[in-house]
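The structure under discussion appears below in the form of structure tokens.
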Amino acid sequence: MSEQMKALVKEGPRPGLVLVERPIPKIESDEIRIRVEATSVCGTDLHIYNWDTWAQSKVAQPLIVGHEFCGEVIEVGSAVTRFSVGERVAAESHVFCGTCRYCREGQAHICENEKIIGVQRDGCFAEQIVMPERCVWKTPEGLPVEIATLQEPLGNSVHVAMSGSVVGKDVLVMGCGPTGLFSIAIAKKCGARSIIAVDVQSYRLELAKALGADGAWNPVEVDIVSEYMEKTGGMGADVVFGMSGNGKAIEDSLRCLSRGGDYRFFGVPSDRVSVDLARDVIFKGARLQGIIGRKVWDTWKDMSRLLEEGLDLSPIVTHKIDLEDYETAFKLIQEGQCGKVVMFPNGIPASS
Ligand SMILES: [Zn+2]
Ligand SMILES: [Zn+2]
């Protein structure tokens, strides 16, 4: 094994990323060394690539970017007990401390000391990554690597879609980026009565239909509020997944929410949002939830079961790219003409 590895790095406070040689990281006794088999690109990585104000305020540098991956265990520290060499694993990207009040209450997804890989500590756009054992998860048997890498973002959608019932419900999904698309597939699998998906990109609306949406509407062409109320006989949506963070989408979909409805916020607005709280929330007796990350390990367990039961995400993986061609990956995401882009730091496997 060489002492160096390929890694995609944010070297300093400026746009872009560079593919460089970095020393192979050492492991501590409670850590696991993983050979990255597949890694997927996220909107967060694009923020870091572009070096926008969010990235400037959050991202350490120099830093290996990337937080979604799966890989093979190639070395375990002396204190590691639950994993062995040769197993395929994924990881909780929010490295939680395990000792703060929230971690001790079983709420590690809101750990007050968390460090996210690819944001505050070295990530997975590299040939290898080292993770603490407490953050590693064994992937379901037989799952292809280009799907196994999606567990981190898919977990966000599992957390959204399973934070309350969707069985027999009319579900409105605002925003069809990857997490919105995943949430459609999950709601369908979990027995939603109807799913209407909303996005401004026709490419994504086609994917939404492929994943089980009964309708895919573009707000540029359709008045979402009047159309949705008409479709539901004036009742509105039992459940809304707020996946986009767009202010107008939030305002419109809160109006579409039924009396006693359940609104789950996931997409992050870039600015303050103005809503009619009295009319659209209080007088409706609505329930609002903020959803962040994945519950450790409840969400991962639910996700493994969904995958074992045949949840089909294959339409979402639209591009497979060698890590060397990372510029192509970022260009695709910048333009929005893709589902999930999967990169391979150790070469594209023959089976993919
Ligand atoms: Zn992500
Ligand atoms: Zn903690």
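Here, A, B, ... name the chains of the structure tokens in the order displayed, residue numbers run from 1 inside each chain, and ligands are numbered from 1 in the same displayed order.
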
- [ ] All residues within 6 Å of ligand 1 are required, counting only C-alpha atoms and all ligand atoms; please report them as a PyMOL selection string.
- [x] chain A and resi 42+44+153

Export, as an mmCIF file, in the first residue's frame, the selected residues with C-alpha atoms.
```
data_model
loop_
_atom_site.group_PDB
_atom_site.id
_atom_site.type_symbol
_atom_site.label_atom_id
_atom_site.label_comp_id
_atom_site.auth_asym_id
_atom_site.auth_seq_id
_atom_site.Cartn_x
_atom_site.Cartn_y
_atom_site.Cartn_z
ATOM 1 C CA CYS A 42 -24.626 16.439 -2.606
ATOM 2 C CA THR A 44 -23.730 20.743 0.244
ATOM 3 C CA PRO A 153 -28.928 11.278 2.037
#
```

- [ ] Using only C-alpha atoms and all ligand atoms, find each protein or nucleic acid residue lying at most 6 Å from ligand 2; present the set as a PyMOL selection string.
- [x] chain A and resi 96-100+102-103+108+111-113

Let's have the selection written as a short mmCIF file (atom, residue, chain, number, x, y, z; two decimals), in the first residue's frame, with N, CA and C atoms.
```cif
data_model
loop_
_atom_site.label_atom_id
_atom_site.label_comp_id
_atom_site.auth_asym_id
_atom_site.auth_seq_id
_atom_site.Cartn_x
_atom_site.Cartn_y
_atom_site.Cartn_z
N PHE A 96 -20.94 12.33 16.00
CA PHE A 96 -21.51 12.82 17.27
C PHE A 96 -20.54 12.47 18.40
N CYS A 97 -20.65 13.20 19.53
CA CYS A 97 -19.66 13.02 20.60
C CYS A 97 -19.96 11.81 21.46
N GLY A 98 -21.25 11.46 21.59
CA GLY A 98 -21.61 10.30 22.41
C GLY A 98 -21.72 10.62 23.90
N THR A 99 -21.36 11.85 24.31
CA THR A 99 -21.36 12.15 25.75
C THR A 99 -22.19 13.38 26.13
N CYS A 100 -22.58 14.22 25.17
CA CYS A 100 -23.35 15.42 25.54
C CYS A 100 -24.77 15.02 25.97
N TYR A 102 -27.64 15.53 24.66
CA TYR A 102 -28.52 15.02 23.59
C TYR A 102 -28.12 13.60 23.18
N CYS A 103 -26.82 13.38 23.05
CA CYS A 103 -26.35 12.01 22.74
C CYS A 103 -26.82 11.05 23.82
N ALA A 108 -28.64 11.73 19.19
CA ALA A 108 -27.32 12.07 18.64
C ALA A 108 -27.42 12.92 17.39
N CYS A 111 -26.67 16.33 18.38
CA CYS A 111 -25.47 16.46 19.24
C CYS A 111 -24.92 17.88 19.17
N GLU A 112 -24.58 18.42 20.34
CA GLU A 112 -24.11 19.81 20.33
C GLU A 112 -22.62 19.93 19.99
N ASN A 113 -21.94 18.80 19.89
CA ASN A 113 -20.50 18.83 19.55
C ASN A 113 -20.21 18.16 18.21
#
```

- [ ] Could you tell me which of A:Glu308, A:Glu114, A:Asp170, A:Asp45 comes closest to Thr139 in chain A if we count only C-alpha atoms?
- [x] A:Glu308

Task: Selection near Met5 in chain A, 6 Å with only C-alpha atoms, sequence-local residues under 4 positions removed, as a ChimeraX atom specification - done: /A:21-22,24,127

Task: For Ser202 in chain A, the nearest of the candidates A:Gly247, A:Pro349, A:Gly336, A:Gly123, counting only C-alpha atoms - done: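 Between A:Gly247, A:Pro349, A:Gly336, A:Gly123, the residue approaching Ser202 in chain A most closely is A:Gly336.
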
Find the residues near Ser84 in chain A: any atom within 10 Å, counting only C-alpha atoms, skip ones fewer than 5 places away on the same chain, and give them as a PDB file with N, CA and C atoms, in the first residue's frame.
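Writing the result to around07.pdb gives the following:
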```pdb
ATOM      1  N   ILE A  32     -11.914   2.924  12.390  1.00  0.00           N
ATOM      2  CA  ILE A  32     -11.961   1.934  11.317  1.00  0.00           C
ATOM      3  C   ILE A  32     -11.463   2.595  10.033  1.00  0.00           C
ATOM      4  N   GLU A  72     -15.259  -0.628   1.927  1.00  0.00           N
ATOM      5  CA  GLU A  72     -14.878  -1.900   2.543  1.00  0.00           C
ATOM      6  C   GLU A  72     -13.946  -1.632   3.719  1.00  0.00           C
ATOM      7  N   VAL A  73     -14.224  -2.296   4.835  1.00  0.00           N
ATOM      8  CA  VAL A  73     -13.342  -2.180   6.002  1.00  0.00           C
ATOM      9  C   VAL A  73     -12.011  -2.837   5.655  1.00  0.00           C
ATOM     10  N   ILE A  74     -10.894  -2.079   5.780  1.00  0.00           N
ATOM     11  CA  ILE A  74      -9.588  -2.672   5.478  1.00  0.00           C
ATOM     12  C   ILE A  74      -8.670  -2.723   6.698  1.00  0.00           C
ATOM     13  N   GLU A  75      -9.071  -2.052   7.794  1.00  0.00           N
ATOM     14  CA  GLU A  75      -8.274  -2.135   9.020  1.00  0.00           C
ATOM     15  C   GLU A  75      -9.143  -1.687  10.187  1.00  0.00           C
ATOM     16  N   VAL A  76      -9.040  -2.377  11.313  1.00  0.00           N
ATOM     17  CA  VAL A  76      -9.788  -1.951  12.497  1.00  0.00           C
ATOM     18  C   VAL A  76      -8.821  -1.691  13.644  1.00  0.00           C
ATOM     19  N   GLY A  77      -9.123  -0.662  14.454  1.00  0.00           N
ATOM     20  CA  GLY A  77      -8.310  -0.345  15.626  1.00  0.00           C
ATOM     21  C   GLY A  77      -8.445  -1.440  16.685  1.00  0.00           C
TER      22      GLY A  77
END
```
